[in-house]
Amino acid sequence: MFRKAAVTTVSNGSYLQGQANGRLPSMDSGQPAQEGKVVLKKKVTLLRGISIIIGTIIGAGIFISPKGILKNTGSVGMSLTVWTVCGILSLFGALCYAELGTCIKKSGGHYTYILEAFGPLPAFVRVWVELLVIRPAATAVISLAFGRYILEPFFMQCEIPELAIKLITAVGITLVMVLNSTSVSWSARIQIFLTFCKLVAILIIIVPGVIQLIKGETQHFKNAFAGNDASVMGLPLAFYSGMYAYSGWFYLNFVTEEVENPEKNIPLAICISMIIVTVGYVLTNVAYFTTISAGELLLSKAVAVTFAERLMGNFSLAVPVFVALSCFGSMNGGIFAVSRMFFVASREGHLPEILSMIHVRKHTPLPAVIVLHPLTMIMLFSGDLYSLLNFLSFARWLFIGLVVAGLIYLRYKHPDMPRPFKVPLFIPALFSFTCLFMVALSLYSDPVNTGIGFAITLTGVPAYYLFIVWDKKPKWFRKLLGK
């Protein structure tokens with residue numbers, strides 16, 4: 001049913017086949033590697049792991065538009081509560097992934113854990129949706145924010161042309177792809193630098209906000225829970241906005257095989273990163289409300305820019321640059337991590353064989369990186385990306401909830417599996433229930449978009465039987481798949 005383990009071969013003198021099947025000896029198995037085998041090297045240290053997580057989580061959202069949560073909660077107090085709760089929930093989910101990453105020492109993140117717990121069909125559906133829609137659309141959205149804000153200082157007095165935004169965005173996407181194809185070390189170093197820039201940008205907002213609080217600017221916090229009551233319809237959308245802002249805590253698990261001492265570094269990197277991000281996000285929102293009222297925040301196109309213009313004068317010109325660098329860091333971290341999911345899925349026989357190739361000199365999964373380039377470009381120059389992400393936001397949390405439910409299942413299915421890091425059972429139970437409950441509630445609150453996303457996800461089922469199960473494929477079709 002699956003592609004048989006491929007023999008280690010040289011292709012055009014430039015690539016070597018990676019571990020062809022995920023169930024062959026891994027780098028952590030203690031079994032000898034085949035002679036001449038090229039593998040992804042362990043170059044992700046604790047600091048680089050923290051930078052991957054923080055650098056991917058903190059994108060444009062916290063700087064541009066926290067109004068999604070405020071709009072759907074109805075009050076300042078409730079919005080800050082949702083920001084805090086989403087941070088705690090994300091920490092719970094991250095701790096669950098820390099356990100999975102230390103007991104299943106294979107890269108691939110969601111895909112690998114679903115494969116181990118529930119088998120090939122749901123795992124294939126997950127990687128199918130990620131490759132065709134979620135990752136290209138998500139990369140295009142964050143890249144468009146990069147393009148818009150990198151041009152902002154040059155168009156202060158007029159509207160930025162849409163074509164200029166898309167062209168500079170295309171350059172940014174290409175640059176990220178080239179960087180991740182060329183060197184793991186340089187990609188990681190740049191990610192550390194960009195993470196530092198993000199934290200500086202957040203401090204630039206938090207410090208003046210704290211000064212405003214000391215001066216007694218608390219008028220927007222009076223009657224903080226007064227306003228429009230949060231509805232059952234709005235809460236799942238508010239949580240989606242909050243969880244989307246925190247999404248990225250799972251990306252280190254996509255590169256498990258490249259992490260030094262994963263039993264120690266994965267849990268540490270996840271805990272340190274989530275504490276920093278949660279505290280930073282809540283304090284940033286508090287800082288906004290020291291200067292901007294709830295009504296003004298809802299009208300602002302870019303909250304951080306509005307905040308900086310009121311408190312910092314000409315220094316506010318630096319904020320768009322920091323936002324652009326933040327977006328670039330999210331692009332870089334996302335491509336770095338998700339390309340490993342495609343690499344592992346190919347290794348398991350669920351994607352074309354070429355995607356499990358590793359560059360023989362650069363030791364990067366070059367084909368798994370490059371495959372995203374044309375798909376992202378198509379998304380960039382196509383229709384409404386934000387609607388597409390709304391269609392599929394439910395799919396992301398559905399599968400994350402399924403992964404964490406799989407952790408509970410593996411506790412009973414394989415009780416003797418070594419678990420260097422183990423979370424209390426109530427944490428995965430609460431997190432998976434919350435994810436699945438919000439997914440179910442979104443079907444009620446937004447049936448059209450959620451229904452379309454559900455239909456797109458279901459296309460993975462016939463694709464699985466066509467590409468994976470069907471044995472009597474024509475010769476030309478098998479050749480196209482690299483089989």
# chains A, B, ... in the order shown; residues from 1 in each chain; ligands from 1
$ residues_around --residues "Ala238 (chain A)" --least-positions-apart "4" --cutoff "7 Å" --atoms "only C-alpha atoms" --output "list of chain:residue names"
A:Gly68, A:Ile69, A:Asn72, A:Thr73, A:Gly234, A:Gly242
$ write_last_selection --atoms "C-alpha atoms" --output "tab-separated table (two decimals), in the first residue's frame"
chain	number	residue	atom	x	y	z
A	68	GLY	CA	-10.50	40.52	16.40
A	69	ILE	CA	-10.64	39.50	20.05
A	72	ASN	CA	-15.93	39.33	19.51
A	73	THR	CA	-15.72	39.78	23.31
A	234	GLY	CA	-18.60	35.49	19.23
A	242	GLY	CA	-6.33	34.48	20.18
$ select_by_dssp --residues "region 109-310 of chain A" --states "alpha helix (DSSP H)" --output "number ranges by chain"
A: 110-118, 120-129, 135-151, 162-182, 184-214, 234-246, 262-291, 294-299, 303-310
$ residues_around --residues "Leu283 (chain A)" --least-positions-apart "5" --cutoff "12 Å" --atoms "only C-alpha atoms" --output "PyMOL selection string"
chain A and resi 62+80-81+83-84+202-210+213+276-278+288-290
$ write_last_selection --atoms "N, CA, C and O atoms" --output "PDB file, in the first residue's frame"
ATOM      1  N   ILE A  62      -0.073  40.818  16.718  1.00  0.00           N
ATOM      2  CA  ILE A  62      -0.029  41.583  17.961  1.00  0.00           C
ATOM      3  C   ILE A  62       0.251  43.056  17.694  1.00  0.00           C
ATOM      4  O   ILE A  62      -0.137  43.933  18.468  1.00  0.00           O
ATOM      5  N   LEU A  80      -8.838  41.083  27.501  1.00  0.00           N
ATOM      6  CA  LEU A  80      -7.600  40.746  28.211  1.00  0.00           C
ATOM      7  C   LEU A  80      -7.701  39.354  28.835  1.00  0.00           C
ATOM      8  O   LEU A  80      -6.711  38.613  28.882  1.00  0.00           O
ATOM      9  N   THR A  81      -8.897  38.988  29.292  1.00  0.00           N
ATOM     10  CA  THR A  81      -9.106  37.641  29.842  1.00  0.00           C
ATOM     11  C   THR A  81      -8.872  36.578  28.766  1.00  0.00           C
ATOM     12  O   THR A  81      -8.219  35.565  29.008  1.00  0.00           O
ATOM     13  N   TRP A  83      -7.071  36.883  26.016  1.00  0.00           N
ATOM     14  CA  TRP A  83      -5.635  36.838  25.709  1.00  0.00           C
ATOM     15  C   TRP A  83      -4.899  35.964  26.725  1.00  0.00           C
ATOM     16  O   TRP A  83      -4.041  35.159  26.359  1.00  0.00           O
ATOM     17  N   THR A  84      -5.234  36.121  27.997  1.00  0.00           N
ATOM     18  CA  THR A  84      -4.568  35.347  29.048  1.00  0.00           C
ATOM     19  C   THR A  84      -4.930  33.871  28.959  1.00  0.00           C
ATOM     20  O   THR A  84      -4.055  32.994  29.018  1.00  0.00           O
ATOM     21  N   ILE A 202       8.292  44.665  21.009  1.00  0.00           N
ATOM     22  CA  ILE A 202       7.274  44.537  22.057  1.00  0.00           C
ATOM     23  C   ILE A 202       7.631  45.407  23.262  1.00  0.00           C
ATOM     24  O   ILE A 202       6.769  46.065  23.855  1.00  0.00           O
ATOM     25  N   LEU A 203       8.925  45.444  23.619  1.00  0.00           N
ATOM     26  CA  LEU A 203       9.356  46.294  24.733  1.00  0.00           C
ATOM     27  C   LEU A 203       9.141  47.770  24.423  1.00  0.00           C
ATOM     28  O   LEU A 203       8.827  48.565  25.325  1.00  0.00           O
ATOM     29  N   ILE A 204       9.304  48.151  23.146  1.00  0.00           N
ATOM     30  CA  ILE A 204       9.078  49.543  22.744  1.00  0.00           C
ATOM     31  C   ILE A 204       7.632  49.955  23.016  1.00  0.00           C
ATOM     32  O   ILE A 204       7.331  51.128  23.268  1.00  0.00           O
ATOM     33  N   ILE A 205       6.721  48.984  22.985  1.00  0.00           N
ATOM     34  CA  ILE A 205       5.313  49.261  23.286  1.00  0.00           C
ATOM     35  C   ILE A 205       5.025  49.142  24.783  1.00  0.00           C
ATOM     36  O   ILE A 205       4.348  49.989  25.374  1.00  0.00           O
ATOM     37  N   ILE A 206       5.586  48.096  25.408  1.00  0.00           N
ATOM     38  CA  ILE A 206       5.270  47.825  26.820  1.00  0.00           C
ATOM     39  C   ILE A 206       5.813  48.914  27.744  1.00  0.00           C
ATOM     40  O   ILE A 206       5.111  49.384  28.648  1.00  0.00           O
ATOM     41  N   VAL A 207       7.059  49.342  27.538  1.00  0.00           N
ATOM     42  CA  VAL A 207       7.690  50.306  28.450  1.00  0.00           C
ATOM     43  C   VAL A 207       6.927  51.636  28.496  1.00  0.00           C
ATOM     44  O   VAL A 207       6.579  52.119  29.592  1.00  0.00           O
ATOM     45  N   PRO A 208       6.594  52.265  27.354  1.00  0.00           N
ATOM     46  CA  PRO A 208       5.766  53.483  27.440  1.00  0.00           C
ATOM     47  C   PRO A 208       4.397  53.219  28.060  1.00  0.00           C
ATOM     48  O   PRO A 208       3.849  54.078  28.754  1.00  0.00           O
ATOM     49  N   GLY A 209       3.848  52.005  27.818  1.00  0.00           N
ATOM     50  CA  GLY A 209       2.563  51.657  28.429  1.00  0.00           C
ATOM     51  C   GLY A 209       2.646  51.616  29.937  1.00  0.00           C
ATOM     52  O   GLY A 209       1.747  52.108  30.637  1.00  0.00           O
ATOM     53  N   VAL A 210       3.717  51.036  30.468  1.00  0.00           N
ATOM     54  CA  VAL A 210       3.918  50.989  31.916  1.00  0.00           C
ATOM     55  C   VAL A 210       4.086  52.402  32.469  1.00  0.00           C
ATOM     56  O   VAL A 210       3.540  52.739  33.536  1.00  0.00           O
ATOM     57  N   LEU A 213       0.765  53.922  32.806  1.00  0.00           N
ATOM     58  CA  LEU A 213       0.055  53.420  33.986  1.00  0.00           C
ATOM     59  C   LEU A 213       0.538  54.103  35.256  1.00  0.00           C
ATOM     60  O   LEU A 213      -0.249  54.457  36.132  1.00  0.00           O
ATOM     61  N   ILE A 276       7.372  33.722  27.961  1.00  0.00           N
ATOM     62  CA  ILE A 276       7.779  35.029  27.412  1.00  0.00           C
ATOM     63  C   ILE A 276       6.670  35.603  26.531  1.00  0.00           C
ATOM     64  O   ILE A 276       6.296  36.780  26.649  1.00  0.00           O
ATOM     65  N   VAL A 277       6.124  34.775  25.629  1.00  0.00           N
ATOM     66  CA  VAL A 277       5.124  35.261  24.677  1.00  0.00           C
ATOM     67  C   VAL A 277       3.832  35.655  25.390  1.00  0.00           C
ATOM     68  O   VAL A 277       3.254  36.713  25.110  1.00  0.00           O
ATOM     69  N   THR A 278       3.360  34.816  26.321  1.00  0.00           N
ATOM     70  CA  THR A 278       2.099  35.110  27.010  1.00  0.00           C
ATOM     71  C   THR A 278       2.196  36.412  27.804  1.00  0.00           C
ATOM     72  O   THR A 278       1.317  37.281  27.706  1.00  0.00           O
ATOM     73  N   TYR A 288      -1.590  49.091  25.031  1.00  0.00           N
ATOM     74  CA  TYR A 288      -2.473  49.730  24.047  1.00  0.00           C
ATOM     75  C   TYR A 288      -3.609  50.491  24.727  1.00  0.00           C
ATOM     76  O   TYR A 288      -3.912  51.629  24.370  1.00  0.00           O
ATOM     77  N   PHE A 289      -4.243  49.851  25.730  1.00  0.00           N
ATOM     78  CA  PHE A 289      -5.419  50.446  26.350  1.00  0.00           C
ATOM     79  C   PHE A 289      -5.075  51.592  27.296  1.00  0.00           C
ATOM     80  O   PHE A 289      -5.975  52.293  27.765  1.00  0.00           O
ATOM     81  N   THR A 290      -3.801  51.817  27.590  1.00  0.00           N
ATOM     82  CA  THR A 290      -3.441  53.012  28.364  1.00  0.00           C
ATOM     83  C   THR A 290      -3.551  54.274  27.511  1.00  0.00           C
ATOM     84  O   THR A 290      -3.657  55.378  28.056  1.00  0.00           O
TER      85      THR A 290
END
$ closest_residue --among "A:Val82, A:Ala145, A:Leu179, A:Met243" --to "Lys301 (chain A)" --atoms "only C-alpha atoms"
A:Ala145
$ residues_around --residues "region 147-163 of chain A" --least-positions-apart "5" --cutoff "12 Å" --atoms "only C-alpha atoms" --output "MDAnalysis selection string"
chainID A and resid 60 63:64 140:142 168:173 302 304:305 314:328 331 380:381
$ residues_around --residues "Leu355 (chain A)" --least-positions-apart "6" --cutoff "6 Å" --atoms "only C-alpha atoms" --output "NGL selection string"
:A and (343 or 346 or 367-368)
$ write_last_selection --atoms "N, CA and C atoms" --output "JSON list (two decimals), in the first residue's frame"
[["chain", "number", "residue", "atom", "x", "y", "z"],
["A", 343, "PHE", "N", 9.00, 16.64, 4.25],
["A", 343, "PHE", "CA", 10.14, 15.71, 4.15],
["A", 343, "PHE", "C", 9.79, 14.37, 4.79],
["A", 346, "SER", "N", 7.00, 12.47, 2.86],
["A", 346, "SER", "CA", 7.58, 11.80, 1.69],
["A", 346, "SER", "C", 8.34, 10.56, 2.09],
["A", 367, "PRO", "N", 14.23, 20.09, -1.82],
["A", 367, "PRO", "CA", 12.96, 19.95, -2.55],
["A", 367, "PRO", "C", 11.73, 20.22, -1.69],
["A", 368, "ALA", "N", 11.76, 19.82, -0.41],
["A", 368, "ALA", "CA", 10.62, 20.04, 0.48],
["A", 368, "ALA", "C", 10.43, 21.53, 0.77]]
$ residues_around --residues "Ala224 (chain A)" --least-positions-apart "6" --cutoff "12 Å" --atoms "only C-alpha atoms" --output "list in words"
Leu70, Thr73, Gly74, Ser75, Val76, Gly77, Met78, Ser79, Leu80, Thr81, Thr218, Val286, Phe289, Ser293 and Ala294 of chain A
$ closest_atom_pairs --of "region 236-291 of chain A" --to "region 431-452 of chain A" --cutoff "12 Å" --atoms "only C-alpha atoms" --output "tab-separated table"
residue	atom	partner	partner_atom	distance
A:Pro236	CA	A:Met438	CA	5.6
A:Leu237	CA	A:Ser442	CA	7.3
A:Ala238	CA	A:Met438	CA	10.3
A:Phe239	CA	A:Met438	CA	8.0
A:Tyr240	CA	A:Met438	CA	8.2
A:Ser241	CA	A:Met438	CA	11.8
A:Met243	CA	A:Cys435	CA	9.9
$ residues_around --residues "region 195-197 of chain A" --least-positions-apart "3" --cutoff "7 Å" --atoms "only C-alpha atoms" --output "PyMOL selection string"
chain A and resi 51+54-55+191-192+200-201+322+329
$ closest_residue --among "A:Gly248, A:Gly216, A:Pro462, A:Gly61" --to "Gly333 (chain A)" --atoms "only C-alpha atoms"
A:Gly248
$ closest_residue --among "A:Cys86, A:Ile58, A:Ala94, A:Ala345" --to "Val403 (chain A)" --atoms "only C-alpha atoms"
A:Ala94
$ atom_distance --atom1 "CA of Ile57 (chain A)" --atom2 "CA of Phe193 (chain A)"
14.9 Å
